[in-house]
$ cat work-v8.cif   # mmCIF, C-alpha atoms
data_final
#
loop_
_atom_site.label_atom_id
_atom_site.label_comp_id
_atom_site.auth_asym_id
_atom_site.auth_seq_id
_atom_site.Cartn_x
_atom_site.Cartn_y
_atom_site.Cartn_z
CA MET A 145 175.14 49.63 65.06
CA PRO A 146 173.73 49.61 61.53
CA THR A 147 170.26 49.32 62.94
CA ARG A 148 170.75 52.32 65.31
CA MET A 149 172.15 54.51 62.49
CA THR A 150 169.20 53.62 60.31
CA ILE A 151 166.72 54.62 63.02
CA GLN A 152 168.45 58.02 63.54
CA ILE A 153 168.45 58.75 59.81
CA LEU A 154 164.74 57.94 59.52
CA ALA A 155 163.88 60.12 62.59
CA THR A 156 165.82 63.07 61.18
CA ALA A 157 164.14 62.77 57.83
CA GLY A 158 160.71 62.67 59.52
CA MET A 159 161.37 65.83 61.52
CA LEU A 160 162.57 67.68 58.42
CA ALA A 161 159.44 66.65 56.55
CA LEU A 162 157.19 67.77 59.41
CA ALA A 163 158.91 71.20 59.60
CA ALA A 164 158.55 71.66 55.83
CA CYS A 165 154.85 70.81 56.05
CA THR A 166 154.27 73.30 58.90
CA LYS A 167 156.12 76.04 57.00
CA SER A 168 154.06 75.36 53.91
CA GLU A 169 150.80 75.62 55.89
CA ALA A 170 151.87 78.93 57.45
CA GLN A 171 152.79 80.36 54.04
CA THR A 172 149.45 79.21 52.67
CA ALA A 173 147.57 80.87 55.56
CA ARG A 174 149.46 84.14 55.10
CA SER A 175 148.87 84.15 51.38
CA GLY A 176 145.18 83.51 51.99
CA MET A 177 144.99 86.43 54.39
CA ALA A 178 146.86 88.69 52.02
CA GLY A 179 144.76 87.77 49.05
CA GLY A 180 141.28 87.85 50.70
CA PRO A 181 139.31 91.04 51.39
CA VAL A 182 139.62 92.65 54.83
CA ALA A 183 136.50 92.47 57.00
CA VAL A 184 135.35 95.93 58.14
CA GLY A 185 132.39 97.13 60.22
CA TYR A 186 130.28 99.97 58.88
CA VAL A 187 127.28 102.15 59.72
CA VAL A 188 124.93 103.76 57.20
CA ALA A 189 124.99 107.57 57.12
CA GLN A 190 121.64 109.14 57.95
CA ALA A 191 120.53 112.77 58.11
CA SER A 192 119.83 113.82 61.70
CA SER A 193 118.49 116.90 63.45
CA VAL A 194 121.37 118.29 65.48
CA PRO A 195 121.30 121.56 67.43
CA ILE A 196 123.90 124.11 66.40
CA VAL A 197 125.49 124.68 69.80
CA GLN A 198 127.81 127.61 70.40
CA ASP A 199 129.99 128.66 73.31
CA LEU A 200 130.17 132.44 73.47
CA PRO A 201 131.67 134.83 76.04
CA GLY A 202 129.27 136.77 78.21
CA ARG A 203 129.20 139.20 81.09
CA VAL A 204 126.66 139.50 83.89
CA ALA A 205 124.71 142.76 84.16
CA ALA A 206 122.26 143.84 86.84
CA PHE A 207 118.56 143.55 86.03
CA GLN A 208 117.97 146.93 87.68
CA ILE A 209 120.40 149.43 89.14
CA SER A 210 119.55 152.74 90.78
CA GLU A 211 121.81 155.50 92.09
CA VAL A 212 120.13 157.18 95.08
CA ARG A 213 120.38 161.00 95.05
CA PRO A 214 118.70 163.67 97.23
CA GLN A 215 115.95 165.81 95.69
CA VAL A 216 116.19 168.53 98.35
CA SER A 217 119.12 170.20 100.05
CA GLY A 218 119.92 169.80 103.73
CA VAL A 219 121.92 168.05 106.42
CA ILE A 220 121.58 164.27 106.83
CA LEU A 221 120.21 163.53 110.30
CA ARG A 222 120.11 159.72 110.15
CA ARG A 223 121.06 156.81 107.92
CA LEU A 224 118.32 154.19 108.23
CA PHE A 225 119.82 151.11 106.53
CA GLN A 226 122.68 148.67 106.91
CA GLU A 227 125.20 148.60 104.09
CA GLY A 228 124.94 145.44 101.97
CA ALA A 229 121.42 144.61 103.20
CA ILE A 230 118.31 143.96 101.12
CA VAL A 231 116.01 146.99 100.96
CA ARG A 232 112.47 147.27 99.65
CA GLN A 233 111.09 149.84 97.29
CA GLY A 234 109.85 152.89 99.24
CA GLN A 235 111.90 152.08 102.34
CA THR A 236 113.46 155.21 103.90
CA LEU A 237 117.23 155.22 103.54
CA TYR A 238 118.19 158.72 104.79
CA GLN A 239 116.46 161.42 106.83
CA ILE A 240 117.35 164.99 105.88
CA ASP A 241 116.65 167.83 108.33
CA PRO A 242 113.02 168.85 107.51
CA SER A 243 112.79 172.04 109.66
CA LEU A 244 113.04 174.58 106.85
CA TYR A 245 110.65 172.60 104.67
CA HIS A 246 108.02 172.34 107.41
CA ALA A 247 108.24 176.14 107.80
CA ALA A 248 107.88 176.64 104.05
CA ALA A 249 104.83 174.39 104.04
CA ALA A 250 103.25 176.34 106.89
CA GLN A 251 103.87 179.63 105.07
CA ALA A 252 102.31 178.22 101.88
CA SER A 253 99.29 177.07 103.86
CA ALA A 254 98.84 180.56 105.34
CA ASN A 255 99.14 182.17 101.89
CA LEU A 256 96.46 179.82 100.62
CA GLN A 257 94.10 180.80 103.41
CA SER A 258 94.69 184.53 102.67
CA ALA A 259 94.02 183.99 98.99
CA ARG A 260 90.76 182.21 99.76
CA ALA A 261 89.64 185.11 101.98
CA ASN A 262 90.41 187.68 99.27
CA ALA A 263 88.62 185.56 96.70
CA GLU A 264 85.54 185.32 98.92
CA ALA A 265 85.29 189.16 99.18
CA ALA A 266 85.94 189.67 95.46
CA ASN A 267 83.33 187.09 94.44
CA ALA A 268 80.74 188.69 96.77
CA LEU A 269 81.38 192.15 95.30
CA ALA A 270 81.01 190.88 91.77
CA THR A 271 77.80 189.12 92.70
CA ARG A 272 76.28 192.34 94.16
CA TYR A 273 77.32 194.44 91.16
CA LYS A 274 75.71 192.13 88.61
CA PRO A 275 71.99 193.10 89.15
CA LEU A 276 72.94 196.75 89.71
CA ALA A 277 74.79 196.82 86.41
CA GLN A 278 71.74 195.36 84.68
CA MET A 279 69.60 198.18 86.14
CA GLN A 280 72.36 200.66 85.28
CA ALA A 281 72.57 201.62 88.97
CA VAL A 282 76.36 201.29 88.75
CA ALA A 283 78.70 201.93 85.91
CA GLN A 284 79.40 198.98 83.62
CA GLN A 285 83.12 199.55 84.10
CA ASP A 286 82.82 199.08 87.86
CA TYR A 287 81.07 195.73 87.33
CA THR A 288 83.71 194.63 84.84
CA THR A 289 86.47 195.53 87.31
CA ALA A 290 84.76 193.61 90.12
CA VAL A 291 84.45 190.48 87.95
CA SER A 292 88.13 190.71 86.93
CA GLN A 293 89.27 191.04 90.55
CA ALA A 294 87.18 188.00 91.49
CA ARG A 295 88.83 185.93 88.78
CA MET A 296 92.31 187.09 89.88
CA ALA A 297 91.48 186.13 93.45
CA ASN A 298 90.42 182.62 92.33
CA ALA A 299 93.69 182.28 90.34
CA ALA A 300 95.63 183.29 93.45
CA ILE A 301 93.95 180.42 95.28
CA ALA A 302 95.19 177.97 92.66
CA GLN A 303 98.72 179.43 92.75
CA ASN A 304 98.98 179.20 96.53
CA ALA A 305 97.50 175.70 96.50
CA ALA A 306 100.25 174.63 94.07
CA ALA A 307 102.88 176.26 96.27
CA LEU A 308 101.51 174.37 99.27
CA ARG A 309 101.69 171.05 97.38
CA THR A 310 105.30 171.82 96.39
CA ALA A 311 106.19 172.56 99.99
CA GLN A 312 104.54 169.34 101.15
CA ILE A 313 106.42 167.35 98.50
CA ASN A 314 109.71 168.88 99.66
CA VAL A 315 108.85 167.82 103.20
CA ARG A 316 108.28 164.30 101.91
CA PHE A 317 111.57 164.40 100.00
CA THR A 318 113.47 164.95 103.24
CA ARG A 319 112.92 161.21 103.68
CA VAL A 320 115.08 159.68 100.92
CA PRO A 321 113.36 156.41 99.85
CA ALA A 322 114.67 153.38 97.97
CA PRO A 323 113.58 153.69 94.30
CA ILE A 324 113.73 149.91 93.72
CA SER A 325 114.06 146.72 95.72
CA GLY A 326 117.50 145.14 95.84
CA ARG A 327 120.83 145.00 97.61
CA VAL A 328 122.11 148.38 98.79
CA GLY A 329 125.80 149.22 98.51
CA LEU A 330 128.15 151.43 100.49
CA SER A 331 126.97 154.79 101.75
CA ALA A 332 128.98 157.66 100.28
CA PHE A 333 127.67 160.16 102.89
CA THR A 334 127.46 159.93 106.65
CA GLU A 335 125.23 161.58 109.21
CA GLY A 336 125.92 165.32 109.44
CA ALA A 337 126.93 165.62 105.77
CA LEU A 338 125.40 168.40 103.69
CA VAL A 339 123.72 167.24 100.51
CA THR A 340 122.16 169.30 97.73
CA SER A 341 119.49 168.65 95.14
CA GLY A 342 120.93 167.86 91.73
CA GLN A 343 124.36 166.84 93.03
CA THR A 344 126.41 164.50 90.82
CA ASP A 345 127.55 162.16 93.60
CA SER A 346 125.03 159.52 94.62
CA LEU A 347 124.32 158.77 98.25
CA THR A 348 124.38 155.01 97.59
CA THR A 349 123.53 152.47 94.90
CA ILE A 350 120.85 149.76 94.88
CA THR A 351 121.24 146.73 92.63
CA ARG A 352 118.59 144.13 91.84
CA LEU A 353 120.25 140.72 91.45
CA ASP A 354 117.30 138.41 90.88
CA PRO A 355 116.93 138.00 87.97
CA VAL A 356 120.08 139.14 86.16
CA TYR A 357 121.03 139.80 82.56
CA VAL A 358 123.91 138.13 80.72
CA ASP A 359 125.18 140.09 77.71
CA ILE A 360 126.55 137.59 75.17
CA GLN A 361 128.92 138.64 72.39
CA GLN A 362 128.56 136.95 68.99
CA SER A 363 130.61 137.88 65.95
CA ALA A 364 128.74 139.54 63.12
CA ALA A 365 130.18 136.99 60.65
CA ASP A 366 128.72 134.03 62.58
CA LEU A 367 125.35 135.75 62.89
CA LEU A 368 125.31 136.48 59.13
CA SER A 369 126.20 132.85 58.34
CA LEU A 370 123.39 131.62 60.57
CA ARG A 371 120.85 133.89 58.91
CA ARG A 372 121.93 132.70 55.47
CA SER A 373 121.54 129.07 56.55
CA LEU A 374 118.07 129.82 57.86
CA ALA A 375 117.14 131.47 54.57
CA GLN A 376 118.47 128.60 52.42
CA GLY A 377 116.67 125.87 54.36
CA GLY A 378 118.03 122.81 56.09
CA VAL A 379 118.37 124.83 59.29
CA GLN A 380 115.42 125.59 61.54
CA PRO A 381 115.22 128.21 64.31
CA THR A 382 114.81 127.09 67.89
CA THR A 383 114.03 128.63 71.24
CA ALA A 384 117.35 129.77 72.64
CA GLN A 385 117.65 128.16 76.06
CA VAL A 386 121.02 129.22 77.44
CA ARG A 387 123.26 127.45 79.93
CA LEU A 388 126.11 129.14 81.73
CA LEU A 389 129.62 128.03 82.62
CA LEU A 390 130.93 129.94 85.64
CA PRO A 391 134.49 131.31 85.83
CA ASP A 392 135.64 128.15 87.63
CA GLY A 393 134.33 125.97 84.76
CA THR A 394 131.31 124.56 86.61
CA ASP A 395 127.80 124.60 85.19
CA TYR A 396 125.46 127.20 86.71
CA GLY A 397 122.67 124.63 86.77
CA VAL A 398 119.80 126.95 85.78
CA THR A 399 118.84 127.76 82.19
CA GLY A 400 118.06 131.22 80.90
CA THR A 401 116.25 132.65 77.89
CA VAL A 402 117.50 135.03 75.20
CA GLU A 403 115.47 138.23 75.46
CA PHE A 404 116.64 140.15 72.39
CA SER A 405 119.45 140.65 69.88
CA GLN A 406 121.00 144.06 69.35
CA VAL A 407 120.68 145.48 65.83
CA ILE A 408 123.96 147.42 65.93
CA VAL A 409 127.43 145.94 65.44
CA ASP A 410 130.05 147.22 67.88
CA LEU A 411 132.63 149.21 65.92
CA ASN A 412 135.49 148.18 68.21
CA THR A 413 134.89 144.44 68.48
CA GLY A 414 132.75 143.61 65.43
CA THR A 415 130.27 141.73 67.60
CA VAL A 416 126.55 141.81 68.24
CA THR A 417 125.19 141.68 71.78
CA LEU A 418 122.59 139.06 72.71
CA ARG A 419 120.92 139.59 76.09
CA ALA A 420 119.69 136.62 78.13
CA SER A 421 117.80 136.63 81.42
CA PHE A 422 118.65 134.22 84.26
CA PRO A 423 117.05 133.65 87.66
CA ASN A 424 119.54 134.29 90.44
CA PRO A 425 117.86 133.43 93.77
CA ASP A 426 121.14 132.65 95.54
CA ASN A 427 122.99 135.72 94.19
CA ILE A 428 125.69 133.53 92.63
CA LEU A 429 125.85 135.69 89.51
CA LEU A 430 127.26 139.14 90.28
CA PRO A 431 127.34 142.15 87.94
CA GLY A 432 130.58 142.34 85.99
CA MET A 433 131.30 138.59 86.24
CA PHE A 434 132.66 136.96 83.05
CA VAL A 435 130.91 133.73 82.08
CA LYS A 436 130.59 131.44 79.06
CA ALA A 437 127.15 130.98 77.50
CA ARG A 438 126.29 127.71 75.77
CA PHE A 439 123.14 127.63 73.68
CA ALA A 440 121.63 126.45 70.40
CA GLN A 441 120.47 129.16 68.02
CA ALA A 442 119.16 126.73 65.39
CA ILE A 443 118.76 123.06 64.48
CA ASP A 444 120.60 121.56 61.49
CA THR A 445 118.25 119.00 59.94
CA GLN A 446 120.80 117.75 57.35
CA ALA A 447 123.74 116.91 59.62
CA ILE A 448 125.22 113.40 59.74
CA LEU A 449 126.48 111.91 63.00
CA VAL A 450 129.68 109.88 62.64
CA PRO A 451 131.14 107.84 65.52
CA GLN A 452 134.33 109.45 66.73
CA PRO A 453 136.58 106.37 66.11
CA ALA A 454 135.61 106.47 62.41
CA LEU A 455 137.01 109.96 61.83
CA SER A 456 140.69 110.86 61.63
CA ARG A 457 142.68 113.89 60.60
CA ASP A 458 145.59 114.21 58.22
CA PRO A 459 148.75 116.22 58.99
CA GLN A 460 147.03 119.37 57.68
CA GLY A 461 144.16 118.93 60.12
CA ASN A 462 141.59 117.91 57.49
CA ALA A 463 138.95 115.45 58.69
CA THR A 464 138.67 112.19 56.74
CA VAL A 465 136.57 109.03 56.93
CA TRP A 466 136.66 105.67 55.16
CA ILE A 467 133.56 104.50 53.32
CA VAL A 468 132.65 101.37 51.39
CA GLY A 469 132.82 102.47 47.76
CA PRO A 470 131.56 100.83 44.56
CA GLY A 471 132.60 97.21 44.25
CA ASN A 472 133.17 96.94 48.02
CA LYS A 473 136.39 98.87 47.83
CA ALA A 474 137.71 101.21 50.52
CA GLU A 475 137.41 104.88 49.66
CA GLN A 476 138.69 107.78 51.75
CA LYS A 477 136.64 110.98 51.83
CA MET A 478 137.42 114.43 53.18
CA VAL A 479 134.56 115.79 55.32
CA VAL A 480 133.65 118.91 57.28
CA ALA A 481 133.45 118.20 61.01
CA ASP A 482 134.10 121.08 63.39
CA ARG A 483 132.16 120.01 66.48
CA THR A 484 130.98 116.98 68.41
CA GLU A 485 127.62 115.85 69.73
CA GLY A 486 128.03 113.30 72.51
CA ALA A 487 130.13 110.40 71.20
CA ASN A 488 129.77 111.46 67.54
CA TRP A 489 131.26 113.99 65.18
CA VAL A 490 128.76 116.28 63.46
CA VAL A 491 129.57 116.12 59.75
CA THR A 492 128.07 118.96 57.72
CA GLY A 493 129.76 118.30 54.38
CA GLY A 494 131.44 115.54 52.38
CA LEU A 495 128.96 112.71 53.07
CA GLN A 496 125.59 111.77 51.67
CA PRO A 497 122.78 109.84 53.36
CA GLY A 498 123.22 106.17 52.54
CA ASP A 499 127.04 106.16 52.51
CA LYS A 500 128.53 103.18 54.35
CA ILE A 501 130.95 104.66 56.87
CA ILE A 502 133.65 102.25 58.03
CA THR A 503 133.92 102.34 61.81
CA GLN A 504 135.91 99.13 62.49
CA GLY A 505 139.05 97.82 60.87
CA THR A 506 140.34 101.16 59.56
CA ALA A 507 143.91 100.80 60.83
CA ASN A 508 145.49 99.21 57.72
CA LEU A 509 143.09 100.27 54.96
CA ARG A 510 144.40 101.48 51.63
CA PRO A 511 142.50 103.33 48.88
CA ASN A 512 140.71 101.01 46.42
CA GLU A 513 141.52 97.99 48.59
CA PRO A 514 138.80 95.30 48.50
CA VAL A 515 136.94 94.96 51.78
CA ARG A 516 134.27 92.65 53.14
CA PRO A 517 131.72 95.00 54.77
CA VAL A 518 129.83 93.80 57.83
CA SER A 519 127.28 95.84 59.70
CA ALA A 520 128.84 97.26 62.86
CA ASN A 521 125.79 96.13 64.81
CA ALA A 522 126.03 92.51 63.66
CA PRO A 523 127.41 90.01 66.20
CA GLN A 524 130.93 88.81 65.48
CA ARG A 525 131.77 85.14 65.49
CA ILE A 526 135.12 84.26 66.94
CA GLN A 527 136.40 80.76 66.08
CA ALA A 528 139.33 78.99 67.61
CA PRO A 529 142.19 78.09 65.24
CA PRO A 530 142.28 74.43 64.12
CA ALA A 531 144.32 72.13 66.33
CA LYS A 532 147.53 70.81 64.87
CA THR A 533 148.98 67.55 66.06
CA LEU A 534 152.64 67.10 65.62
CA GLN A 535 153.42 63.41 65.46
CA SER A 536 156.87 62.12 65.96
CA ASN A 537 157.60 58.44 66.65
CA PRO A 538 161.27 58.16 67.51
CA SER A 539 162.19 54.65 68.41
CA ARG A 540 164.95 53.70 70.67
CA SER A 541 166.30 50.33 70.97
#
$ encode --input "work-v8.cif" --output "structure tokens"
Amino acid sequence: MPTRMTIQILATAGMLALAACTKSEAQTARSGMAGGPVAVGYVVAQASSVPIVQDLPGRVAAFQISEVRPQVSGVILRRLFQEGAIVRQGQTLYQIDPSLYHAAAAQASANLQSARANAEAANALATRYKPLAQMQAVAQQDYTTAVSQARMANAAIAQNAAALRTAQINVRFTRVPAPISGRVGLSAFTEGALVTSGQTDSLTTITRLDPVYVDIQQSAADLLSLRRSLAQGGVQPTTAQVRLLLPDGTDYGVTGTVEFSQVIVDLNTGTVTLRASFPNPDNILLPGMFVKARFAQAIDTQAILVPQPALSRDPQGNATVWIVGPGNKAEQKMVVADRTEGANWVVTGGLQPGDKIITQGTANLRPNEPVRPVSANAPQRIQAPPAKTLQSNPSRS
């Protein structure tokens, strides 16, 4: 019995000593972790050339649009096109009754022939009077009158020739042609309808849909800010290649080019219109359609790209990043970052080239806390914790 009690007492004392040793080691490890600097990964800030991309609202406009109107009056005999079809420039769309205009042309032709006959007689008389007037065989006044009548007869020829051309043009205008090539719309007049020259209502409308224009609206304040940036340097102009987002959110797939910028600010909206041209071979873009234009008006050569995990925002929405400050201490900086480029934030203020931006280990950082910076691209070594052997030698008799 005494021997068994002794063994139990010794075993209990050994277990208590082992537990105290393990607790001491854990406290030592925690104190070492608390006292040592936190390892953080960082990247070095570098100035990059980043396009200044903007998404602006736009509306599709036809490249060409023509309202077809008659130039002569008459009754429509035939409509020679199918509504909604593609028509070519010069193709006949309507045939107006040409009977009266053919008669007018015939009358003008007859008047021209009569004028030529009168001019022939007047010119012959003036020619005969010329030598007689020189010999004073006829009065000078008679010769002058003959010459004047000859000139009036020649002028009558010109007048009747012009009237004949007008009549022939009116005959041609009885065939109403397509002024441009494009897609024709609905016909507002049917066969048998009376139309007049100079009427306000168009017969139909032709729209050219390839290419098309997209009128983009940009605020005058943004345009002024861009021009100031270009003047101050650090921002370079670029060719404005535009991409379109369709109303359903999909990409149009074909790029366009900005043709011009309007020089007048709209009084109602305070915007300036930029016009871009887009090919439209499949007629996907229709006039009046609202789209979103995405394009770069300039390139910022002083922007800094920051990985998205390195940037956070405070409750007020201000963007902040952690950097490695003097003495390898954590320092929080407020930056300007209002857009992204791929997987990075585009920072335009608050950082300088050469700053060490902390991208890893930012969860528990505190200002002025010592850190152990490691390049984010350096391989990390992961070591297994040391093995601990708990020895207990209870003896039983």
$ residues_around --input "work-v8.cif" --residues "Gly494 in chain A" --least-positions-apart "6" --cutoff "12 Å" --atoms "all atoms listed in the file" --output "list in words"
Ala189, Gln446, Ala447, Ile448, Val450, Asn462, Ala463, Thr464, Val465, Trp466, Ile467, Gln476, Lys477, Met478, Val479, Val480, Ala481 and Ile501 of chain A
$ residues_around --input "work-v8.cif" --residues "Gly218 in chain A" --least-positions-apart "3" --cutoff "10 Å" --atoms "all atoms listed in the file" --output "PyMOL selection string"
chain A and resi 214-215+221+239-245+318+336-341
$ atom_distance --input "work-v8.cif" --atom1 "CA of Asp392 in chain A" --atom2 "CA of Ala437 in chain A"
13.5 Å
$ atom_distance --input "work-v8.cif" --atom1 "CA of Leu347 in chain A" --atom2 "CA of Val320 in chain A"
9.7 Å
$ resolve_selection --input "work-v8.cif" --expression "the PyMOL selection byres ((chain A and resi 295) around 12)" --output "PyMOL selection string"
chain A and resi 259-260+262-270+288-294+296-302
$ residues_around --input "work-v8.cif" --residues "Glu227 in chain A" --least-positions-apart "4" --cutoff "9 Å" --atoms "all atoms listed in the file" --output "PyMOL selection string"
chain A and resi 327-331
$ closest_residue --input "work-v8.cif" --among "A:Gln278, A:Thr351, A:Ser421, A:Gln361" --to "Ile324 in chain A" --atoms "all atoms listed in the file"
A:Thr351
$ closest_residue --input "work-v8.cif" --among "A:Gln460, A:Ser253, A:Thr484, A:Asn412" --to "Gln198 in chain A" --atoms "all atoms listed in the file"
A:Thr484
$ atom_distance --input "work-v8.cif" --atom1 "CA of Phe404 in chain A" --atom2 "CA of Thr417 in chain A"
8.7 Å
$ residues_around --input "work-v8.cif" --residues "range 426-430 of chain A" --least-positions-apart "4" --cutoff "8 Å" --atoms "all atoms listed in the file" --output "JSON, numbers by chain"
{"A": [204, 205, 206, 353, 354, 356]}
$ closest_residue --input "work-v8.cif" --among "A:Gln362, A:Thr506, A:Thr492, A:Asn512" --to "Gly202 in chain A" --atoms "all atoms listed in the file"
A:Gln362
$ resolve_selection --input "work-v8.cif" --expression "the PyMOL selection byres ((chain A and resi 388) around 9)" --output "list of chain:residue names"
A:Gly202, A:Val386, A:Arg387, A:Leu389, A:Leu390, A:Thr394, A:Asp395, A:Tyr396, A:Gly397, A:Val398, A:Thr399, A:Gly400, A:Val435, A:Lys436, A:Ala437, A:Arg438, A:Phe439
$ write_last_selection --input "work-v8.cif" --atoms "C-alpha atoms" --output "PDB file, in the frame of the given file"
ATOM      1  CA  GLY A 202     129.270 136.770  78.210  1.00  0.00           C
ATOM      2  CA  VAL A 386     121.020 129.220  77.440  1.00  0.00           C
ATOM      3  CA  ARG A 387     123.260 127.450  79.930  1.00  0.00           C
ATOM      4  CA  LEU A 389     129.620 128.030  82.620  1.00  0.00           C
ATOM      5  CA  LEU A 390     130.930 129.940  85.640  1.00  0.00           C
ATOM      6  CA  THR A 394     131.310 124.560  86.610  1.00  0.00           C
ATOM      7  CA  ASP A 395     127.800 124.600  85.190  1.00  0.00           C
ATOM      8  CA  TYR A 396     125.460 127.200  86.710  1.00  0.00           C
ATOM      9  CA  GLY A 397     122.670 124.630  86.770  1.00  0.00           C
ATOM     10  CA  VAL A 398     119.800 126.950  85.780  1.00  0.00           C
ATOM     11  CA  THR A 399     118.840 127.760  82.190  1.00  0.00           C
ATOM     12  CA  GLY A 400     118.060 131.220  80.900  1.00  0.00           C
ATOM     13  CA  VAL A 435     130.910 133.730  82.080  1.00  0.00           C
ATOM     14  CA  LYS A 436     130.590 131.440  79.060  1.00  0.00           C
ATOM     15  CA  ALA A 437     127.150 130.980  77.500  1.00  0.00           C
ATOM     16  CA  ARG A 438     126.290 127.710  75.770  1.00  0.00           C
ATOM     17  CA  PHE A 439     123.140 127.630  73.680  1.00  0.00           C
TER      18      PHE A 439
END
$ residues_near_point --input "work-v8.cif" --point "(102.9, 173.7, 103.6)" --cutoff "12 Å" --atoms "only C-alpha atoms" --output "PyMOL selection string"
chain A and resi 242-257+304-316
$ resolve_selection --input "work-v8.cif" --expression "the PyMOL selection byres ((chain A and resi 322) around 12)" --output "PyMOL selection string"
chain A and resi 209-214+224-225+230-238+317+319-321+323-329+347-352
$ decode --input "work-v8.cif" --residues "range 196-210 of chain A" --atoms "N, CA, C and O atoms" --output "mmCIF file, in the first residue's frame"
data_model
loop_
_atom_site.group_PDB
_atom_site.id
_atom_site.type_symbol
_atom_site.label_atom_id
_atom_site.label_comp_id
_atom_site.auth_asym_id
_atom_site.auth_seq_id
_atom_site.Cartn_x
_atom_site.Cartn_y
_atom_site.Cartn_z
ATOM 1 N N ILE A 196 -7.735 56.890 -70.006
ATOM 2 C CA ILE A 196 -8.851 57.465 -69.250
ATOM 3 C C ILE A 196 -10.140 57.045 -69.950
ATOM 4 O O ILE A 196 -10.576 57.657 -70.926
ATOM 5 N N VAL A 197 -10.733 55.971 -69.471
ATOM 6 C CA VAL A 197 -11.906 55.370 -70.099
ATOM 7 C C VAL A 197 -13.166 55.957 -69.482
ATOM 8 O O VAL A 197 -13.264 56.111 -68.256
ATOM 9 N N GLN A 198 -14.123 56.279 -70.334
ATOM 10 C CA GLN A 198 -15.389 56.828 -69.876
ATOM 11 C C GLN A 198 -16.543 56.068 -70.513
ATOM 12 O O GLN A 198 -16.450 55.640 -71.662
ATOM 13 N N ASP A 199 -17.600 55.915 -69.741
ATOM 14 C CA ASP A 199 -18.859 55.360 -70.234
ATOM 15 C C ASP A 199 -19.868 56.498 -70.308
ATOM 16 O O ASP A 199 -20.236 57.073 -69.275
ATOM 17 N N LEU A 200 -20.298 56.820 -71.521
ATOM 18 C CA LEU A 200 -21.191 57.949 -71.726
ATOM 19 C C LEU A 200 -22.438 57.494 -72.479
ATOM 20 O O LEU A 200 -22.365 56.582 -73.303
ATOM 21 N N PRO A 201 -23.579 58.109 -72.206
ATOM 22 C CA PRO A 201 -24.805 57.739 -72.937
ATOM 23 C C PRO A 201 -24.748 58.243 -74.369
ATOM 24 O O PRO A 201 -24.167 59.298 -74.666
ATOM 25 N N GLY A 202 -25.350 57.496 -75.255
ATOM 26 C CA GLY A 202 -25.383 57.863 -76.672
ATOM 27 C C GLY A 202 -26.686 57.429 -77.312
ATOM 28 O O GLY A 202 -27.437 56.616 -76.751
ATOM 29 N N ARG A 203 -26.926 57.971 -78.491
ATOM 30 C CA ARG A 203 -28.139 57.623 -79.235
ATOM 31 C C ARG A 203 -27.782 57.488 -80.703
ATOM 32 O O ARG A 203 -27.031 58.300 -81.251
ATOM 33 N N VAL A 204 -28.316 56.454 -81.333
ATOM 34 C CA VAL A 204 -28.009 56.156 -82.726
ATOM 35 C C VAL A 204 -28.770 57.114 -83.631
ATOM 36 O O VAL A 204 -29.954 57.397 -83.405
ATOM 37 N N ALA A 205 -28.082 57.623 -84.653
ATOM 38 C CA ALA A 205 -28.693 58.491 -85.654
ATOM 39 C C ALA A 205 -28.329 57.963 -87.034
ATOM 40 O O ALA A 205 -27.257 57.383 -87.236
ATOM 41 N N ALA A 206 -29.234 58.151 -87.977
ATOM 42 C CA ALA A 206 -29.003 57.658 -89.335
ATOM 43 C C ALA A 206 -27.862 58.432 -89.994
ATOM 44 O O ALA A 206 -27.687 59.640 -89.778
ATOM 45 N N PHE A 207 -27.076 57.727 -90.791
ATOM 46 C CA PHE A 207 -25.992 58.367 -91.540
ATOM 47 C C PHE A 207 -26.564 59.305 -92.593
ATOM 48 O O PHE A 207 -26.057 60.420 -92.792
ATOM 49 N N GLN A 208 -27.603 58.879 -93.277
ATOM 50 C CA GLN A 208 -28.327 59.710 -94.233
ATOM 51 C C GLN A 208 -29.806 59.403 -94.100
ATOM 52 O O GLN A 208 -30.197 58.254 -93.877
ATOM 53 N N ILE A 209 -30.631 60.447 -94.235
ATOM 54 C CA ILE A 209 -32.071 60.260 -94.217
ATOM 55 C C ILE A 209 -32.683 61.246 -95.208
ATOM 56 O O ILE A 209 -32.274 62.404 -95.273
ATOM 57 N N SER A 210 -33.607 60.758 -96.015
ATOM 58 C CA SER A 210 -34.191 61.586 -97.069
ATOM 59 C C SER A 210 -35.700 61.376 -97.095
ATOM 60 O O SER A 210 -36.180 60.241 -97.141
#
